[in-house]
file protein_39.cif (mmCIF, C-alpha atoms (C1' of nucleotides))
data_protein
#
loop_
_atom_site.label_atom_id
_atom_site.label_comp_id
_atom_site.auth_asym_id
_atom_site.auth_seq_id
_atom_site.Cartn_x
_atom_site.Cartn_y
_atom_site.Cartn_z
CA MET A 1 66.15 206.61 66.03
CA CYS A 2 64.11 209.44 67.39
CA ALA A 3 64.49 212.11 70.03
CA SER A 4 63.06 209.96 72.76
CA ALA A 5 65.67 207.26 72.13
CA GLY A 6 68.31 209.95 72.59
CA TYR A 7 66.65 211.03 75.78
CA ARG A 8 66.64 207.47 77.12
CA ALA A 9 70.31 207.05 76.26
CA VAL A 10 71.18 210.25 78.09
CA ARG A 11 69.27 209.08 81.12
CA SER A 12 70.99 205.76 81.31
CA PHE A 13 74.37 207.42 80.88
CA LEU A 14 73.64 209.78 83.74
CA ARG A 15 72.41 207.00 85.98
CA ALA A 16 75.96 205.69 86.10
CA TYR A 17 76.94 208.81 88.04
CA GLU A 18 74.04 209.10 90.42
CA GLY A 19 76.26 208.03 93.30
CA SER A 20 78.38 211.13 93.03
CA GLU A 21 76.20 214.16 93.07
CA GLN A 22 78.48 216.86 91.80
CA THR A 23 79.76 214.78 88.96
CA PHE A 24 76.19 213.90 88.09
CA ASN A 25 75.18 217.54 87.99
CA SER A 26 77.95 218.68 85.75
CA TYR A 27 77.51 215.72 83.43
CA ARG A 28 73.80 216.42 83.23
CA THR A 29 74.50 220.01 82.26
CA HIS A 30 76.75 218.96 79.43
CA VAL A 31 74.84 216.11 77.91
CA GLU A 32 71.60 218.03 78.04
CA ARG A 33 73.27 220.92 76.27
CA LEU A 34 74.61 218.60 73.62
CA LEU A 35 71.16 217.11 73.15
CA LEU A 36 69.59 220.55 72.78
CA TRP A 37 72.19 221.69 70.31
CA ALA A 38 71.88 218.56 68.20
CA LEU A 39 68.10 218.84 67.95
CA ILE A 40 67.61 222.59 67.77
CA VAL A 41 70.67 223.87 65.97
CA ARG A 42 71.93 220.91 64.03
CA HIS A 43 68.60 219.19 63.40
CA LYS A 44 70.19 215.81 63.92
CA SER A 45 69.80 212.93 66.29
CA ILE A 46 72.71 212.57 68.70
CA PHE A 47 73.22 209.08 67.27
CA THR A 48 74.19 210.42 63.88
CA LEU A 49 76.72 213.10 64.82
CA LYS A 50 80.01 212.96 62.93
CA ARG A 51 83.40 214.50 63.50
CA GLN A 52 82.39 217.75 61.81
CA ASP A 53 79.37 217.98 64.08
CA ALA A 54 81.53 217.51 67.15
CA GLU A 55 83.82 220.27 65.98
CA ALA A 56 80.87 222.53 65.26
CA TYR A 57 79.53 221.85 68.73
CA LEU A 58 82.80 222.77 70.43
CA GLN A 59 82.89 225.93 68.39
CA PHE A 60 79.32 226.66 69.43
CA CYS A 61 80.14 226.19 73.12
CA ARG A 62 83.08 228.48 72.96
CA ASN A 63 80.91 231.24 71.66
CA PRO A 64 77.21 230.52 72.05
CA PRO A 65 74.53 232.92 70.76
CA THR A 66 73.45 235.42 73.37
CA ASN A 67 69.94 234.03 73.67
CA TRP A 68 71.46 230.81 75.00
CA ILE A 69 73.27 232.68 77.79
CA GLY A 70 71.70 233.78 81.04
CA SER A 71 73.10 236.64 83.07
CA VAL A 72 72.75 234.65 86.28
CA THR A 73 72.64 230.96 86.93
CA ARG A 74 69.06 229.80 87.33
CA GLY A 75 67.66 226.62 88.77
CA ARG A 76 67.03 224.01 86.10
CA PHE A 77 63.71 223.08 87.72
CA ILE A 78 61.29 224.89 89.97
CA ALA A 79 58.50 223.64 92.20
CA ASN A 80 55.26 222.94 90.40
CA LYS A 81 52.71 225.49 91.63
CA ASP A 82 49.80 223.76 89.98
CA ALA A 83 48.23 221.59 92.65
CA GLU A 84 46.56 219.19 90.25
CA THR A 85 49.65 218.16 88.31
CA ALA A 86 52.05 218.60 91.22
CA VAL A 87 51.28 215.12 92.47
CA VAL A 88 52.73 213.60 89.33
CA TYR A 89 55.28 216.31 88.52
CA PRO A 90 56.60 217.87 91.72
CA VAL A 91 59.00 220.04 89.72
CA VAL A 92 58.72 221.65 86.31
CA PRO A 93 61.35 223.20 84.03
CA ASN A 94 62.28 226.72 85.01
CA PRO A 95 61.35 229.10 82.15
CA LYS A 96 64.17 231.46 83.13
CA TRP A 97 66.82 228.77 82.79
CA LYS A 98 69.43 229.02 80.01
CA PRO A 99 71.97 226.42 78.94
CA PHE A 100 74.90 228.78 79.49
CA SER A 101 75.41 231.52 81.99
CA GLN A 102 77.83 234.28 82.51
CA LYS A 103 78.57 235.73 85.88
CA LEU A 104 78.84 239.45 86.13
CA SER A 105 80.71 239.41 89.37
CA ALA A 106 81.28 242.70 91.11
CA LEU A 107 84.98 241.99 91.18
CA ASN A 108 85.67 241.80 87.48
CA ALA A 109 82.75 243.77 86.15
CA GLN A 110 85.06 246.46 84.84
CA ALA A 111 83.12 249.68 84.59
CA ASP A 112 80.74 249.34 81.68
CA ALA A 113 82.87 247.09 79.56
CA VAL A 114 80.69 244.61 77.71
CA GLN A 115 81.67 241.15 78.78
CA VAL A 116 81.98 238.73 75.94
CA TYR A 117 81.27 235.16 76.77
CA ALA A 118 84.35 233.08 76.15
CA ALA A 119 84.59 229.66 77.73
CA SER A 120 87.86 229.05 79.54
CA LYS A 121 90.30 226.26 78.89
CA GLY A 122 89.00 224.27 81.84
CA THR A 123 85.44 224.59 80.68
CA MET A 124 86.25 223.52 77.15
CA ASN A 125 88.19 220.56 78.49
CA GLN A 126 85.25 219.53 80.54
CA ILE A 127 82.83 219.83 77.64
CA PHE A 128 85.13 217.76 75.55
CA SER A 129 85.66 215.05 78.11
CA VAL A 130 82.01 214.72 79.10
CA CYS A 131 80.84 214.49 75.50
CA SER A 132 83.58 212.07 74.73
CA SER A 133 82.79 209.79 77.62
CA PHE A 134 79.11 209.98 76.71
CA TYR A 135 79.89 208.62 73.24
CA GLU A 136 82.18 205.95 74.66
CA PHE A 137 79.20 204.86 76.70
CA LEU A 138 76.91 204.82 73.64
CA ALA A 139 79.49 202.83 71.71
CA GLU A 140 79.61 200.20 74.46
CA ASP A 141 75.88 199.78 74.07
CA ASN A 142 76.20 199.63 70.28
CA LEU A 143 74.06 202.73 69.88
CA VAL A 144 76.75 204.41 67.82
CA SER A 145 79.68 202.93 65.97
CA LEU A 146 82.22 205.63 66.77
CA ASN A 147 82.88 208.49 69.11
CA PRO A 148 82.83 211.67 67.02
CA PHE A 149 84.65 213.63 69.72
CA ARG A 150 87.60 211.28 69.72
CA LEU A 151 88.11 212.07 66.06
CA VAL A 152 88.22 215.83 66.46
CA LYS A 153 91.22 217.28 64.68
CA ASN A 154 93.47 219.82 66.29
CA LYS A 155 91.96 219.46 69.74
CA ARG A 156 94.08 222.29 70.94
CA ASP A 157 92.21 224.70 68.74
CA PHE A 158 89.27 224.08 71.01
CA THR A 159 90.63 223.12 74.38
CA GLY A 160 94.07 224.61 74.52
CA ASN A 161 93.85 228.20 75.51
CA LEU A 162 95.21 231.40 74.39
CA THR A 163 95.61 233.17 77.69
CA ALA A 164 95.85 230.37 80.21
CA GLU A 165 98.40 231.88 82.50
CA ALA A 166 98.81 229.71 85.54
CA GLN A 167 97.95 231.82 88.51
CA ASN A 168 99.50 231.45 91.89
CA ARG A 169 96.81 230.34 94.26
CA ALA A 170 98.58 230.94 97.49
CA LEU A 171 98.69 233.88 99.88
CA THR A 172 102.00 235.56 100.49
CA PRO A 173 103.43 235.31 104.02
CA LEU A 174 102.46 238.93 104.58
CA GLN A 175 98.89 238.38 103.42
CA TRP A 176 98.59 235.28 105.58
CA ASP A 177 99.74 237.27 108.63
CA TYR A 178 96.99 239.77 108.00
CA VAL A 179 94.39 237.08 107.40
CA LEU A 180 95.18 235.17 110.58
CA GLU A 181 95.39 238.30 112.66
CA THR A 182 92.10 239.52 111.23
CA ALA A 183 90.40 236.24 112.06
CA GLU A 184 91.80 236.37 115.59
CA SER A 185 90.53 239.84 116.20
CA MET A 186 87.15 238.99 114.70
CA ALA A 187 86.98 236.03 117.09
CA SER A 188 87.89 238.16 120.09
CA ALA A 189 85.48 240.93 119.17
CA GLU A 190 82.51 238.71 118.40
CA PRO A 191 83.19 235.29 119.90
CA LEU A 192 79.68 233.99 119.37
CA ARG A 193 79.88 234.54 115.65
CA HIS A 194 83.55 234.25 114.93
CA GLU A 195 85.31 231.81 117.22
CA ARG A 196 83.96 229.27 114.78
CA THR A 197 85.31 231.27 111.83
CA LEU A 198 88.79 231.34 113.35
CA PHE A 199 88.62 227.62 114.04
CA ILE A 200 87.67 226.93 110.42
CA LEU A 201 90.47 229.08 109.09
CA ALA A 202 93.10 227.59 111.39
CA THR A 203 91.96 224.04 110.77
CA LEU A 204 91.99 224.29 106.98
CA PHE A 205 95.39 225.92 107.06
CA ALA A 206 97.04 223.74 109.68
CA MET A 207 96.25 220.50 107.90
CA TYR A 208 96.13 221.55 104.26
CA LEU A 209 92.47 220.52 104.11
CA ARG A 210 90.05 220.69 101.26
CA ILE A 211 86.81 222.24 102.30
CA SER A 212 85.08 218.88 102.07
CA ASP A 213 87.60 217.37 104.51
CA LEU A 214 86.16 219.76 107.05
CA VAL A 215 82.43 219.71 106.32
CA GLY A 216 82.29 216.02 105.46
CA ARG A 217 80.48 214.20 102.73
CA SER A 218 77.52 211.89 102.30
CA ASN A 219 79.08 209.03 104.24
CA TRP A 220 81.06 210.97 106.81
CA GLU A 221 80.23 213.68 109.34
CA PRO A 222 83.44 214.94 110.91
CA CYS A 223 83.47 214.97 114.70
CA MET A 224 85.96 215.73 117.45
CA GLY A 225 86.69 212.03 117.78
CA ASP A 226 88.26 212.13 114.33
CA PHE A 227 91.23 213.71 116.06
CA ARG A 228 93.01 210.68 117.48
CA GLN A 229 96.16 210.31 119.50
CA ASP A 230 98.60 207.54 118.68
CA PRO A 231 100.49 205.53 121.31
CA GLU A 232 103.30 208.08 121.18
CA GLY A 233 100.96 210.90 121.96
CA ASN A 234 100.86 212.45 118.49
CA TRP A 235 97.61 213.71 117.07
CA TRP A 236 96.18 212.66 113.71
CA TYR A 237 93.08 213.89 111.96
CA HIS A 238 91.23 211.08 110.19
CA VAL A 239 89.22 211.94 107.09
CA ILE A 240 87.31 210.46 104.21
CA GLY A 241 88.80 212.50 101.43
CA LYS A 242 88.28 213.22 97.75
CA GLY A 243 86.99 210.20 95.87
CA ASN A 244 85.93 208.63 99.21
CA LYS A 245 89.50 207.77 100.08
CA PRO A 246 90.17 207.43 103.80
CA GLY A 247 93.31 209.08 105.09
CA LYS A 248 94.95 210.68 108.08
CA ILE A 249 96.86 213.90 108.49
CA ALA A 250 99.61 214.66 110.97
CA VAL A 251 98.53 217.50 113.25
CA ARG A 252 101.08 220.09 114.32
CA ASP A 253 101.45 220.95 118.00
CA GLU A 254 100.78 224.63 117.58
CA TYR A 255 97.39 223.90 116.08
CA VAL A 256 96.40 221.64 118.97
CA ASP A 257 97.80 223.94 121.63
CA ARG A 258 96.36 227.15 120.34
CA TYR A 259 93.44 226.71 118.01
CA LEU A 260 91.89 223.38 118.87
CA ARG A 261 92.07 224.09 122.60
CA ARG A 262 90.79 227.61 122.12
CA TYR A 263 87.74 226.51 120.21
CA ARG A 264 86.97 223.67 122.59
CA THR A 265 87.26 226.01 125.55
CA PHE A 266 84.86 228.37 123.83
CA LEU A 267 82.45 225.49 123.32
CA GLY A 268 82.79 224.53 127.00
CA LEU A 269 84.44 221.22 126.25
CA PRO A 270 87.50 219.65 127.89
CA ASN A 271 90.78 220.85 126.37
CA LEU A 272 91.35 217.89 124.13
CA PRO A 273 89.09 215.54 122.21
CA ALA A 274 88.25 212.32 123.98
CA GLU A 275 88.48 208.98 122.27
CA LYS A 276 85.42 208.41 120.07
CA GLU A 277 84.01 211.80 121.06
CA ARG A 278 80.92 212.40 118.95
CA THR A 279 80.78 216.21 119.24
CA PRO A 280 80.37 217.51 115.70
CA LEU A 281 83.35 219.49 114.47
CA LEU A 282 81.15 222.30 113.19
CA THR A 283 77.64 223.38 114.01
CA THR A 284 75.36 226.19 112.96
CA LEU A 285 75.07 229.09 115.37
CA GLU A 286 71.87 227.49 116.63
CA GLY A 287 73.85 224.40 117.43
CA ARG A 288 72.63 222.05 114.76
CA ALA A 289 75.38 219.64 113.67
CA GLY A 290 77.04 220.15 110.33
CA LEU A 291 77.71 223.21 108.23
CA SER A 292 77.57 223.36 104.46
CA GLY A 293 80.59 224.04 102.32
CA ARG A 294 78.68 227.00 100.96
CA GLN A 295 78.47 228.59 104.38
CA VAL A 296 82.12 227.89 105.19
CA ARG A 297 83.15 229.69 102.02
CA THR A 298 80.97 232.65 102.91
CA LEU A 299 82.54 232.92 106.36
CA LEU A 300 86.08 232.75 104.99
CA GLN A 301 85.26 235.36 102.40
CA SER A 302 84.38 237.76 105.19
CA VAL A 303 87.81 237.18 106.73
CA PHE A 304 89.56 237.82 103.43
CA ASP A 305 87.50 240.96 102.90
CA ASN A 306 88.34 242.30 106.34
CA ALA A 307 92.01 241.47 105.95
CA LEU A 308 92.10 243.36 102.69
CA ALA A 309 90.40 246.35 104.29
CA LYS A 310 92.96 246.27 107.07
CA MET A 311 95.87 246.21 104.64
CA LYS A 312 94.36 249.14 102.81
CA ALA A 313 93.83 251.08 106.02
CA GLU A 314 97.45 250.54 106.96
CA GLY A 315 98.60 251.90 103.65
CA ARG A 316 99.98 248.75 102.11
CA GLU A 317 101.09 248.85 98.51
CA ALA A 318 98.81 247.60 95.75
CA TYR A 319 101.22 244.84 94.74
CA GLU A 320 101.15 243.50 98.28
CA MET A 321 97.37 243.29 98.38
CA ASN A 322 96.19 242.52 94.87
CA SER A 323 96.23 238.75 94.83
CA LEU A 324 94.33 238.67 98.12
CA ARG A 325 91.29 239.96 96.26
CA SER A 326 90.88 236.65 94.50
CA ALA A 327 91.66 234.46 97.51
CA SER A 328 89.26 231.69 98.40
CA ALA A 329 89.05 228.78 100.81
CA HIS A 330 91.11 226.46 98.67
CA TRP A 331 94.00 228.90 98.80
CA LEU A 332 94.57 227.98 102.41
CA ARG A 333 95.53 224.46 101.42
CA HIS A 334 97.99 225.80 98.86
CA THR A 335 99.30 228.47 101.14
CA SER A 336 100.30 226.25 104.01
CA ALA A 337 101.66 223.52 101.78
CA THR A 338 103.76 226.14 100.01
CA PHE A 339 105.06 227.54 103.29
CA ASP A 340 105.89 224.10 104.66
CA ALA A 341 107.40 222.51 101.58
CA PRO A 342 110.94 223.77 102.17
CA PHE A 343 110.92 222.28 105.65
CA ARG A 344 109.32 218.93 105.02
CA LYS A 345 110.25 215.90 103.01
CA ALA A 346 108.18 215.69 99.84
CA LYS A 347 107.04 212.22 100.82
CA ASP A 348 105.64 213.45 104.14
CA LEU A 349 103.89 216.38 102.56
CA GLN A 350 102.44 214.08 99.90
CA LEU A 351 100.88 211.86 102.55
CA ASP A 352 99.38 214.76 104.45
CA LEU A 353 98.03 216.32 101.27
CA ARG A 354 96.75 212.86 100.32
CA HIS A 355 98.07 212.99 96.81
CA SER A 356 98.28 209.54 95.35
CA ASN A 357 101.33 210.42 93.28
CA LEU A 358 104.42 212.03 94.62
CA SER A 359 104.81 213.83 91.32
CA THR A 360 101.69 215.87 91.99
CA THR A 361 103.23 217.15 95.22
CA GLN A 362 106.63 217.68 93.62
CA ASP A 363 105.26 219.57 90.64
CA THR A 364 103.04 221.81 92.67
CA TYR A 365 105.11 222.65 95.71
CA TYR A 366 108.74 221.90 95.03
CA HIS A 367 109.35 223.47 91.67
CA SER A 368 107.51 226.20 89.97
CA HIS A 369 106.75 228.52 92.82
CA ASP A 370 107.36 232.02 91.64
CA GLN A 371 108.39 233.35 95.01
CA GLU A 372 111.07 230.77 95.56
CA ARG A 373 112.22 231.00 92.01
CA MET A 374 112.52 234.73 92.32
CA HIS A 375 114.16 234.48 95.74
CA SER A 376 116.90 232.26 94.40
CA ILE A 377 117.93 234.78 91.79
CA LYS A 378 117.12 238.14 93.31
CA ARG A 379 120.40 238.65 95.17
CA LEU A 380 122.64 236.98 92.66
CA GLY A 381 124.96 239.53 91.16
CA MET A 382 126.07 239.49 87.59
CA ARG A 383 129.78 239.83 88.07
CA GLU A 384 131.07 238.96 91.51
CA ARG A 385 131.50 235.25 92.05
CA ASP A 386 133.34 233.51 94.83
"C1'" DA B 1 108.66 213.61 81.00
"C1'" DA B 2 104.97 215.54 78.82
"C1'" DC B 3 100.38 215.19 77.62
"C1'" DC B 4 95.57 214.27 78.04
"C1'" DA B 5 90.83 212.50 79.16
"C1'" DA B 6 88.10 211.55 83.04
"C1'" DA B 7 86.53 212.14 87.56
"C1'" DC B 8 85.59 214.92 91.07
"C1'" DA B 9 85.53 219.07 93.73
"C1'" DG B 10 85.60 224.14 94.70
"C1'" DA B 11 83.68 229.11 93.61
"C1'" DG B 12 80.19 232.08 94.15
"C1'" DG B 13 75.50 234.39 92.62
"C1'" DC B 14 70.82 233.95 93.69
"C1'" DC B 15 66.98 232.67 96.32
"C1'" DA B 16 63.88 230.43 99.65
"C1'" DC B 17 63.29 229.35 104.19
"C1'" DA B 18 63.61 229.33 109.19
"C1'" DC B 19 64.01 231.72 113.13
"C1'" DC B 20 64.84 235.72 115.62
"C1'" DG C 1 63.10 243.04 108.09
"C1'" DG C 2 67.28 241.10 109.24
"C1'" DT C 3 70.44 237.33 109.65
"C1'" DG C 4 72.15 232.75 109.07
"C1'" DT C 5 71.86 229.00 106.31
"C1'" DG C 6 71.96 225.74 102.53
"C1'" DG C 7 70.23 224.17 97.90
"C1'" DC C 8 70.83 224.90 93.18
"C1'" DC C 9 73.36 225.76 89.16
"C1'" DT C 10 77.22 226.63 85.85
"C1'" DC C 11 81.90 227.81 85.43
"C1'" DT C 12 86.46 226.59 86.61
"C1'" DG C 13 90.23 224.27 89.14
"C1'" DT C 14 92.51 219.94 90.92
"C1'" DT C 15 94.05 215.33 90.69
"C1'" DT C 16 94.45 210.84 88.77
"C1'" DG C 17 96.05 207.39 85.95
"C1'" DG C 18 96.88 206.01 81.44
"C1'" DT C 19 99.35 206.87 76.95
"C1'" DT C 20 102.86 208.36 74.13
#

call {"tool": "encode", "arguments": {"input": "protein_39.cif", "output": "structure tokens"}}
result
Amino acid sequence: MCASAGYRAVRSFLRAYEGSEQTFNSYRTHVERLLLWALIVRHKSIFTLKRQDAEAYLQFCRNPPTNWIGSVTRGRFIANKDAETAVVYPVVPNPKWKPFSQKLSALNAQADAVQVYAASKGTMNQIFSVCSSFYEFLAEDNLVSLNPFRLVKNKRDFTGNLTAEAQNRALTPLQWDYVLETAESMASAEPLRHERTLFILATLFAMYLRISDLVGRSNWEPCMGDFRQDPEGNWWYHVIGKGNKPGKIAVRDEYVDRYLRRYRTFLGLPNLPAEKERTPLLTTLEGRAGLSGRQVRTLLQSVFDNALAKMKAEGREAYEMNSLRSASAHWLRHTSATFDAPFRKAKDLQLDLRHSNLSTTQDTYYHSHDQERMHSIKRLGMRERD
DNA sequence: AACCAAACAGAGGCCACACC
DNA sequence: GGTGTGGCCTCTGTTTGGTT
């Protein structure tokens, strides 16, 4: 077995995921890294790795040497500038690329503290599961006899984490008020730029959407006609969701009456979507159909930033504002589901969130919410009982 | 019920490109 | 030259569905 056999095995493993781009990308990252480590550090073929090697690899990933870590994420490949070879090799490896990278984000770059790379629990879990499924694949093809990762002892030493404190990923009611109000005033002040922003914010929130339920995916471009009215006059938003699962979400009246109408009026469309209307849900400012998830996140970030500035300007307390600093698009889904949970049956919320198991909904929104938990005890005295 | 691997998706920095 | 946009990449979070 030589290096090129390993390379071929990696390629055929990855081919199994070519249909799902993001999965493919992250799997490529991990198997390539494993391949590099095996050859460069361990001087072994990937076909001969044993349990101890797997453990050494996990240890390596948790704390890689600094020359394996880039300070920013670089493209794996760049365009080939050499005209002669470019015909055959349109892209070439990027010399600045590193197998690991560490973000020095403005937010948590504390003064001049040296940041030590330490992979999080989620990252270690992913490394473990990708490597493990890679070896399961090799075993199927009889290229190895066992999966060294499955044999790792004390998995928790590697994947379980020290500091994994589950963070609340929802806005507080107060923060949400500021965010919505900020988006509304941004829309009124600069309609051309921000009516769309308000629409995005309201839509994600009103229907607990994931960002991809709004921007679409390879086989689905959301359009106004995806809002459909049933025979009783109720509106439903039809999506192709995570894992390509079709679904529909009940739409609340206030969303239709205020935000959907408002945006359609701004666009110069009739108040309500017509049956099979093909108008794209989102367009670029130039009017081209479709907007990337990347851009949607950027727009929402500007709303969060402005809302935070507004809270500061109005003299809000630090504890009221702090969590807003780490808010992101996905928080909107959590926020509205959290707000609505007390008023909706778990089964209904489950369907609208498109969870396949009720327990996911129950666990996330009906139990461990700090606010509710705190609320239920806060006013309970210690002595008086009646 | 608690745990875990696997699949899949979101977050956000950087950069190139298009169009004013 | 400035702005809007989206591709790229790795890190990290979410959800599923099976096992114990």

call {"tool": "atom_distance", "arguments": {"input": "protein_39.cif", "atom1": "CA of Leu151 in chain A", "atom2": "CA of Phe137 in chain A"}}
result
15.6 Å

call {"tool": "resolve_selection", "arguments": {"input": "protein_39.cif", "expression": "the PyMOL selection byres ((chain C) within 9 of (chain A))", "output": "PyMOL selection string"}}
result
chain C and resi 4-6+8-13+15-16

call {"tool": "write_last_selection", "arguments": {"input": "protein_39.cif", "atoms": "C-alpha atoms (C1' of nucleotides)", "output": "PDB file, in the frame of the given file"}}
result
ATOM      1  C1'  DG C   4      72.150 232.750 109.070  1.00  0.00           C
ATOM      2  C1'  DT C   5      71.860 229.000 106.310  1.00  0.00           C
ATOM      3  C1'  DG C   6      71.960 225.740 102.530  1.00  0.00           C
ATOM      4  C1'  DC C   8      70.830 224.900  93.180  1.00  0.00           C
ATOM      5  C1'  DC C   9      73.360 225.760  89.160  1.00  0.00           C
ATOM      6  C1'  DT C  10      77.220 226.630  85.850  1.00  0.00           C
ATOM      7  C1'  DC C  11      81.900 227.810  85.430  1.00  0.00           C
ATOM      8  C1'  DT C  12      86.460 226.590  86.610  1.00  0.00           C
ATOM      9  C1'  DG C  13      90.230 224.270  89.140  1.00  0.00           C
ATOM     10  C1'  DT C  15      94.050 215.330  90.690  1.00  0.00           C
ATOM     11  C1'  DT C  16      94.450 210.840  88.770  1.00  0.00           C
TER      12       DT C  16
END

call {"tool": "interface_residues", "arguments": {"input": "protein_39.cif", "of": "chain A", "to": "chain B", "cutoff": "9 Å", "atoms": "only C-alpha atoms (C1' of nucleotides)", "output": "ChimeraX atom specification"}}
result
/A:20,22-23,72-74,103-105,125-126,128-130,132-133,210-212,242-243,294,297-298,328-330

call {"tool": "resolve_selection", "arguments": {"input": "protein_39.cif", "expression": "the PyMOL selection byres ((chain A and resi 61) around 9)", "output": "list in words"}}
result
Ala56, Tyr57, Leu58, Gln59, Phe60, Arg62, Asn63, Pro64, Phe100, Ala118, Ala119, Met124 and Ile127 of chain A

call {"tool": "atom_distance", "arguments": {"input": "protein_39.cif", "atom1": "CA of Glu275 in chain A", "atom2": "CA of Gly225 in chain A"}}
result
5.7 Å

call {"tool": "atom_distance", "arguments": {"input": "protein_39.cif", "atom1": "CA of Ser218 in chain A", "atom2": "CA of His238 in chain A"}}
result
15.8 Å

call {"tool": "residues_around", "arguments": {"input": "protein_39.cif", "residues": "range 301-316 of chain A", "least_positions_apart": "3", "cutoff": "9 Å", "atoms": "all atoms listed in the file", "output": "list in words"}}
result
Gln175, Tyr178, Val179, Leu180, Glu181, Thr182, Ala183, Met186, Thr197, Leu198, Leu201, Val296, Arg297, Thr298, Tyr319, Glu320, Met321, Asn322, Leu324, Arg325, Ala327, Ser328 and Ala329 of chain A
